[in-house]
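Novice: Just my_file.cif, nothing more (mmCIF, C-alpha atoms):
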data_structure
loop_
_atom_site.group_PDB
_atom_site.id
_atom_site.type_symbol
_atom_site.label_atom_id
_atom_site.label_comp_id
_atom_site.auth_asym_id
_atom_site.auth_seq_id
_atom_site.Cartn_x
_atom_site.Cartn_y
_atom_site.Cartn_z
ATOM 1 C CA MET S 1 -7.260 -7.738 17.778
ATOM 2 C CA ALA S 2 -6.929 -7.237 14.066
ATOM 3 C CA LEU S 3 -5.070 -5.182 11.527
ATOM 4 C CA ILE S 4 -7.208 -3.756 8.762
ATOM 5 C CA LEU S 5 -5.227 -2.844 5.651
ATOM 6 C CA LEU S 6 -7.118 -0.291 3.569
ATOM 7 C CA ARG S 7 -5.958 0.703 0.099
ATOM 8 C CA HIS S 8 -6.136 4.394 -0.750
ATOM 9 C CA THR S 9 -8.826 5.718 -3.094
ATOM 10 C CA THR S 10 -8.264 6.241 -6.818
ATOM 11 C CA PRO S 11 -5.141 8.321 -7.504
ATOM 12 C CA ASP S 12 -5.087 11.114 -10.043
ATOM 13 C CA VAL S 13 -2.825 9.431 -12.591
ATOM 14 C CA ALA S 14 -3.259 8.149 -16.125
ATOM 15 C CA PRO S 15 -4.173 4.458 -16.369
ATOM 16 C CA GLY S 16 -1.203 2.268 -17.261
ATOM 17 C CA THR S 17 1.300 4.417 -15.344
ATOM 18 C CA CYS S 18 3.889 2.886 -13.041
ATOM 19 C CA TYR S 19 3.775 4.708 -9.735
ATOM 20 C CA GLY S 20 4.865 3.857 -6.242
ATOM 21 C CA ARG S 21 6.587 6.521 -4.165
ATOM 22 C CA THR S 22 5.325 9.322 -6.383
ATOM 23 C CA ASP S 23 3.154 11.530 -4.169
ATOM 24 C CA LEU S 24 -0.046 11.612 -6.200
ATOM 25 C CA ASN S 25 -3.262 13.351 -5.268
ATOM 26 C CA VAL S 26 -6.655 11.628 -5.483
ATOM 27 C CA THR S 27 -9.380 12.026 -8.094
ATOM 28 C CA ALA S 28 -12.398 14.306 -7.814
ATOM 29 C CA ASN S 29 -14.379 11.204 -6.762
ATOM 30 C CA PHE S 30 -12.534 11.112 -3.427
ATOM 31 C CA GLU S 31 -15.450 12.050 -1.139
ATOM 32 C CA THR S 32 -17.696 9.336 -2.600
ATOM 33 C CA GLU S 33 -14.994 6.654 -2.444
ATOM 34 C CA ALA S 34 -13.898 7.671 1.063
ATOM 35 C CA ALA S 35 -17.474 7.627 2.371
ATOM 36 C CA ALA S 36 -17.982 4.130 0.950
ATOM 37 C CA ALA S 37 -14.771 2.901 2.603
ATOM 38 C CA LEU S 38 -15.747 4.487 5.915
ATOM 39 C CA THR S 39 -19.170 2.830 5.876
ATOM 40 C CA ALA S 40 -17.674 -0.616 5.174
ATOM 41 C CA LEU S 41 -15.068 -0.487 7.961
ATOM 42 C CA PRO S 42 -15.585 -2.256 11.280
ATOM 43 C CA PRO S 43 -14.850 -0.508 14.598
ATOM 44 C CA ILE S 44 -11.196 0.504 15.035
ATOM 45 C CA ARG S 45 -9.160 1.962 17.887
ATOM 46 C CA ARG S 46 -6.162 3.381 16.003
ATOM 47 C CA ILE S 47 -5.258 4.645 12.528
ATOM 48 C CA ALA S 48 -1.851 4.691 10.882
ATOM 49 C CA THR S 49 -1.090 5.764 7.338
ATOM 50 C CA SER S 50 1.535 5.880 4.676
ATOM 51 C CA PRO S 51 2.896 9.433 4.489
ATOM 52 C CA LEU S 52 1.859 9.761 0.828
ATOM 53 C CA LEU S 53 -1.011 12.174 0.159
ATOM 54 C CA ARG S 54 -3.334 9.607 -1.411
ATOM 55 C CA CYS S 55 -3.282 7.638 1.861
ATOM 56 C CA ARG S 56 -3.121 10.567 4.290
ATOM 57 C CA LYS S 57 -6.277 12.122 2.840
ATOM 58 C CA LEU S 58 -8.253 8.926 3.345
ATOM 59 C CA ALA S 59 -6.833 8.330 6.836
ATOM 60 C CA GLU S 60 -7.647 11.894 7.893
ATOM 61 C CA PHE S 61 -11.170 11.608 6.441
ATOM 62 C CA ILE S 62 -11.791 8.449 8.475
ATOM 63 C CA GLY S 63 -10.007 9.772 11.564
ATOM 64 C CA ALA S 64 -12.138 12.905 11.640
ATOM 65 C CA ARG S 65 -15.346 10.897 11.448
ATOM 66 C CA ARG S 66 -14.251 8.236 13.945
ATOM 67 C CA GLN S 67 -12.656 10.825 16.242
ATOM 68 C CA LEU S 68 -9.247 9.169 16.069
ATOM 69 C CA THR S 69 -5.802 10.678 15.670
ATOM 70 C CA VAL S 70 -3.881 9.587 12.576
ATOM 71 C CA GLU S 71 -0.293 8.403 12.963
ATOM 72 C CA GLN S 72 2.107 8.301 10.011
ATOM 73 C CA ASP S 73 4.308 5.268 9.461
ATOM 74 C CA PRO S 74 6.828 5.542 6.603
ATOM 75 C CA ARG S 75 7.084 1.742 6.474
ATOM 76 C CA LEU S 76 3.566 1.724 4.972
ATOM 77 C CA ILE S 77 4.714 3.634 1.861
ATOM 78 C CA GLU S 78 4.433 2.001 -1.566
ATOM 79 C CA MET S 79 7.356 0.320 -3.318
ATOM 80 C CA ASP S 80 9.999 2.603 -4.803
ATOM 81 C CA PHE S 81 10.065 1.906 -8.547
ATOM 82 C CA GLY S 82 13.135 4.090 -9.110
ATOM 83 C CA ARG S 83 13.458 5.349 -12.671
ATOM 84 C CA TRP S 84 10.209 3.582 -13.642
ATOM 85 C CA GLU S 85 8.218 6.052 -11.509
ATOM 86 C CA CYS S 86 5.586 7.878 -13.580
ATOM 87 C CA GLN S 87 6.546 6.018 -16.751
ATOM 88 C CA ALA S 88 3.948 4.192 -18.814
ATOM 89 C CA TRP S 89 4.306 0.466 -18.174
ATOM 90 C CA SER S 90 4.236 0.033 -21.953
ATOM 91 C CA GLY S 91 7.286 2.313 -22.261
ATOM 92 C CA ILE S 92 9.494 0.463 -19.792
ATOM 93 C CA PRO S 93 12.259 -1.417 -21.656
ATOM 94 C CA ARG S 94 11.288 -5.047 -22.202
ATOM 95 C CA ASP S 95 14.672 -6.332 -21.003
ATOM 96 C CA GLU S 96 14.165 -4.574 -17.655
ATOM 97 C CA LEU S 97 10.706 -6.079 -17.231
ATOM 98 C CA ASP S 98 12.100 -9.509 -18.171
ATOM 99 C CA ALA S 99 14.891 -9.143 -15.585
ATOM 100 C CA TRP S 100 12.285 -8.342 -12.928
ATOM 101 C CA ALA S 101 10.147 -11.310 -13.940
ATOM 102 C CA ALA S 102 13.162 -13.641 -13.873
ATOM 103 C CA ASP S 103 13.974 -12.735 -10.254
ATOM 104 C CA PHE S 104 10.789 -11.128 -8.990
ATOM 105 C CA ILE S 105 11.835 -11.000 -5.337
ATOM 106 C CA HIS S 106 15.394 -9.694 -5.657
ATOM 107 C CA ALA S 107 15.742 -7.887 -9.000
ATOM 108 C CA ARG S 108 15.960 -4.086 -9.058
ATOM 109 C CA PRO S 109 16.240 -3.208 -12.759
ATOM 110 C CA HIS S 110 14.620 0.173 -12.057
ATOM 111 C CA GLY S 111 17.193 1.063 -9.400
ATOM 112 C CA GLY S 112 14.575 1.394 -6.662
ATOM 113 C CA GLU S 113 13.405 -1.096 -4.099
ATOM 114 C CA ASN S 114 13.090 -4.814 -4.710
ATOM 115 C CA VAL S 115 10.110 -6.878 -3.570
ATOM 116 C CA ALA S 116 12.128 -8.478 -0.741
ATOM 117 C CA MET S 117 12.857 -5.032 0.691
ATOM 118 C CA LEU S 118 9.173 -4.079 0.488
ATOM 119 C CA ARG S 119 8.119 -7.365 2.081
ATOM 120 C CA ASP S 120 10.662 -7.067 4.915
ATOM 121 C CA ARG S 121 9.628 -3.558 5.937
ATOM 122 C CA THR S 122 5.950 -4.463 5.613
ATOM 123 C CA ARG S 123 6.368 -7.446 7.927
ATOM 124 C CA LEU S 124 8.240 -5.347 10.495
ATOM 125 C CA ALA S 125 5.516 -2.712 10.443
ATOM 126 C CA LEU S 126 2.777 -5.311 10.851
ATOM 127 C CA GLU S 127 4.593 -6.952 13.774
ATOM 128 C CA ASP S 128 4.877 -3.592 15.526
ATOM 129 C CA TRP S 129 1.237 -2.673 14.950
ATOM 130 C CA ARG S 130 0.072 -6.126 16.110
ATOM 131 C CA ALA S 131 2.063 -5.660 19.310
ATOM 132 C CA SER S 132 -0.052 -2.609 20.159
ATOM 133 C CA GLY S 133 -2.951 -4.939 20.919
ATOM 134 C CA ASP S 134 -5.492 -2.569 19.353
ATOM 135 C CA THR S 135 -7.644 -3.097 16.288
ATOM 136 C CA THR S 136 -5.774 -0.801 13.935
ATOM 137 C CA LEU S 137 -6.543 0.585 10.497
ATOM 138 C CA LEU S 138 -3.482 0.857 8.263
ATOM 139 C CA VAL S 139 -4.153 3.071 5.240
ATOM 140 C CA THR S 140 -1.645 1.988 2.655
ATOM 141 C CA HIS S 141 -0.963 0.778 -0.887
ATOM 142 C CA SER S 142 -1.500 -2.288 -3.032
ATOM 143 C CA GLY S 143 2.156 -3.362 -2.817
ATOM 144 C CA VAL S 144 2.142 -3.269 0.974
ATOM 145 C CA ILE S 145 -1.116 -5.217 1.133
ATOM 146 C CA ARG S 146 0.179 -7.796 -1.347
ATOM 147 C CA SER S 147 3.346 -8.144 0.729
ATOM 148 C CA ALA S 148 1.283 -8.645 3.875
ATOM 149 C CA LEU S 149 -0.743 -11.396 2.226
ATOM 150 C CA SER S 150 2.112 -13.178 0.429
ATOM 151 C CA LYS S 151 3.263 -16.556 1.690
ATOM 152 C CA GLY S 152 6.078 -17.309 -0.774
ATOM 153 C CA ASP S 153 8.665 -15.932 -3.171
ATOM 154 C CA THR S 154 6.928 -16.074 -6.540
ATOM 155 C CA ALA S 155 5.090 -13.375 -8.446
ATOM 156 C CA GLU S 156 1.939 -15.470 -8.070
ATOM 157 C CA GLU S 157 2.207 -15.111 -4.281
ATOM 158 C CA PHE S 158 1.988 -11.334 -4.719
ATOM 159 C CA ASN S 159 -0.980 -11.466 -7.073
ATOM 160 C CA ALA S 160 -3.745 -10.514 -4.617
ATOM 161 C CA GLN S 161 -6.125 -7.933 -6.050
ATOM 162 C CA ILE S 162 -7.428 -5.168 -3.821
ATOM 163 C CA ASP S 163 -9.628 -2.400 -5.196
ATOM 164 C CA PHE S 164 -9.101 1.274 -4.488
ATOM 165 C CA GLY S 165 -10.845 1.882 -1.167
ATOM 166 C CA GLY S 166 -10.943 -1.864 -0.483
ATOM 167 C CA PHE S 167 -9.544 -3.545 2.599
ATOM 168 C CA VAL S 168 -8.440 -6.859 4.050
ATOM 169 C CA THR S 169 -8.411 -7.891 7.687
ATOM 170 C CA ILE S 170 -5.519 -9.771 9.209
ATOM 171 C CA SER S 171 -6.406 -11.290 12.569
ATOM 172 C CA SER S 172 -3.850 -12.291 15.138
ATOM 173 C CA ASP S 173 -4.455 -15.914 15.936
#
Could you quickly redo this structure as structure tokens?
Specialist:
Amino acid sequence: MALILLRHTTPDVAPGTCYGRTDLNVTANFETEAAAALTALPPIRRIATSPLLRCRKLAEFIGARRQLTVEQDPRLIEMDFGRWECQAWSGIPRDELDAWAADFIHARPHGGENVAMLRDRTRLALEDWRASGDTTLLVTHSGVIRSALSKGDTAEEFNAQIDFGGFVTISSD
């Protein structure tokens, strides 16, 4: 049994924008990116998705082609960046970014979620999906995937890179 964490396809947002909970659509390239993701995926028995549109579209695309029902799990949603949402990263006050860097796990200078909160809900979701015993596709976001892969409390532990439409497999050992 495995969990396959698939990142959504490219969102329709300007490069350099901070976004998390903002419900963005996908780019016009969606069909091509979704087809590539579908082709790369191994066999699955279940699909769950973040409720955000950029994930739901991909999950529904795959579900229709694999003849699987898509379940929504709000715990798979991206980090809430509070007042930083939809702001250019370059426009976020330096002192707020420094505060986040100084206490990456617990700081909330944006007023949204901190990394510990994201990591905790991610781990709970993964435990529940593992307990199902089925190979499950979780269509989600970079922050959730980074949280799933992290082993410590430093920013470096959350530095995993996952491309749009890319996935990682977490096996239960």
Novice: Given all atoms listed in the file as the basis, pick out the residue of S:Thr17, S:Thr169, S:Asp12, S:Asp153 nearest to Ile92 (chain S).
Specialist: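 Result for the nearest residue to Ile92 (chain S): S:Thr17.
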Novice: Neighbouring residues of region 133-142 of chain S were defined as those with any atom within 9 Å, considering all atoms listed in the file; residues of the same chain fewer than 6 positions away were excluded. Please report them as a PyMOL selection string.
Specialist: chain S and resi 1-8+20+41+43-52+54-56+58-59+76-79+160-164+167
Novice: Could you tell me how far CA of Arg83 (chain S) lies from CA of Glu96 (chain S), in Å and to one decimal?
Specialist: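 We find that CA of Arg83 (chain S) and CA of Glu96 (chain S) lie 11.1 Å from each other.
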Novice: Where does the PyMOL selection byres ((chain S and resi 97-104) around 8) land in this file, that is, which residues does it pick, as a list in words?
Specialist: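 When the PyMOL selection byres ((chain S and resi 97-104) around 8) is applied, the selected residues are Ile92, Pro93, Arg94, Asp95, Glu96, Ile105, His106, Ala107, Arg108, Pro109, Asn114, Val115, Asp153, Thr154 and Ala155 of chain S.
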Novice: Would you output that residue set with C-alpha atoms, as an mmCIF file, keeping the file's coordinate frame?
Specialist:
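Listing of again17.cif after writing:
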data_model
loop_
_atom_site.group_PDB
_atom_site.id
_atom_site.type_symbol
_atom_site.label_atom_id
_atom_site.label_comp_id
_atom_site.auth_asym_id
_atom_site.auth_seq_id
_atom_site.Cartn_x
_atom_site.Cartn_y
_atom_site.Cartn_z
ATOM 1 C CA ILE S 92 9.494 0.463 -19.792
ATOM 2 C CA PRO S 93 12.259 -1.417 -21.656
ATOM 3 C CA ARG S 94 11.288 -5.047 -22.202
ATOM 4 C CA ASP S 95 14.672 -6.332 -21.003
ATOM 5 C CA GLU S 96 14.165 -4.574 -17.655
ATOM 6 C CA ILE S 105 11.835 -11.000 -5.337
ATOM 7 C CA HIS S 106 15.394 -9.694 -5.657
ATOM 8 C CA ALA S 107 15.742 -7.887 -9.000
ATOM 9 C CA ARG S 108 15.960 -4.086 -9.058
ATOM 10 C CA PRO S 109 16.240 -3.208 -12.759
ATOM 11 C CA ASN S 114 13.090 -4.814 -4.710
ATOM 12 C CA VAL S 115 10.110 -6.878 -3.570
ATOM 13 C CA ASP S 153 8.665 -15.932 -3.171
ATOM 14 C CA THR S 154 6.928 -16.074 -6.540
ATOM 15 C CA ALA S 155 5.090 -13.375 -8.446
#
Novice: List every protein, DNA or RNA residue that has an atom no more than 8 Å from (0.5, -7.1, -5.3) in the file's coordinate frame, counting only C-alpha atoms, and report them as a list of chain:residue names.
Specialist: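 The residues near that point, listed by chain and number, are S:Ser142, S:Gly143, S:Val144, S:Ile145, S:Arg146, S:Ser147, S:Phe158, S:Asn159, S:Ala160, S:Gln161.
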Novice: Please produce a file of those selected residues containing C-alpha atoms, as a short mmCIF file (atom, residue, chain, number, x, y, z; two decimals), in the coordinates of the input.
Specialist:
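Produced file result-v1.cif, reproduced below:
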data_model
loop_
_atom_site.label_atom_id
_atom_site.label_comp_id
_atom_site.auth_asym_id
_atom_site.auth_seq_id
_atom_site.Cartn_x
_atom_site.Cartn_y
_atom_site.Cartn_z
CA SER S 142 -1.50 -2.29 -3.03
CA GLY S 143 2.16 -3.36 -2.82
CA VAL S 144 2.14 -3.27 0.97
CA ILE S 145 -1.12 -5.22 1.13
CA ARG S 146 0.18 -7.80 -1.35
CA SER S 147 3.35 -8.14 0.73
CA PHE S 158 1.99 -11.33 -4.72
CA ASN S 159 -0.98 -11.47 -7.07
CA ALA S 160 -3.74 -10.51 -4.62
CA GLN S 161 -6.12 -7.93 -6.05
#
Novice: Taking only C-alpha atoms into account, name the residue in S:Leu149, S:Ala125, S:Ala35, S:Cys18 that is nearest to Asp80 (chain S).
Specialist: S:Cys18
Novice: Take CA of His110 (chain S) and CA of Gln87 (chain S) and report the distance between them in Å, one decimal.
Specialist: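 Computed distance, CA of His110 (chain S) to CA of Gln87 (chain S), equals 11.0 Å.
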Novice: Just checking: using all atoms listed in the file, which residue out of S:Met117, S:Phe61, S:Val70, S:Pro15 ends up closest to Thr32 (chain S)?
Specialist: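 Result for the nearest residue to Thr32 (chain S): S:Phe61.
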Novice: Considering all atoms listed in the file, state which residue in the set S:Gln67, S:Gly16, S:Thr10, S:Ala40 is at the smallest distance from Gly91 (chain S).
Specialist: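 Smallest distance to Gly91 (chain S) is found for S:Gly16.
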Novice: Of the candidates S:Ala116, S:Val168, S:Cys86, S:Leu124, which one gets nearest to Gly152 (chain S) if we count only C-alpha atoms?
Specialist: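 Closest to Gly152 (chain S), using only C-alpha atoms: S:Ala116.
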Novice: If the box runs along x, y and z of the file and leaves 6 Å on each side of region 42-46 of chain S, what are its centre and edge lengths in Å, one decimal, as lines of an AutoDock Vina configuration file?
Specialist:
center_x = -10.9
center_y = 0.6
center_z = 14.6
size_x = 21.4
size_y = 17.6
size_z = 18.6
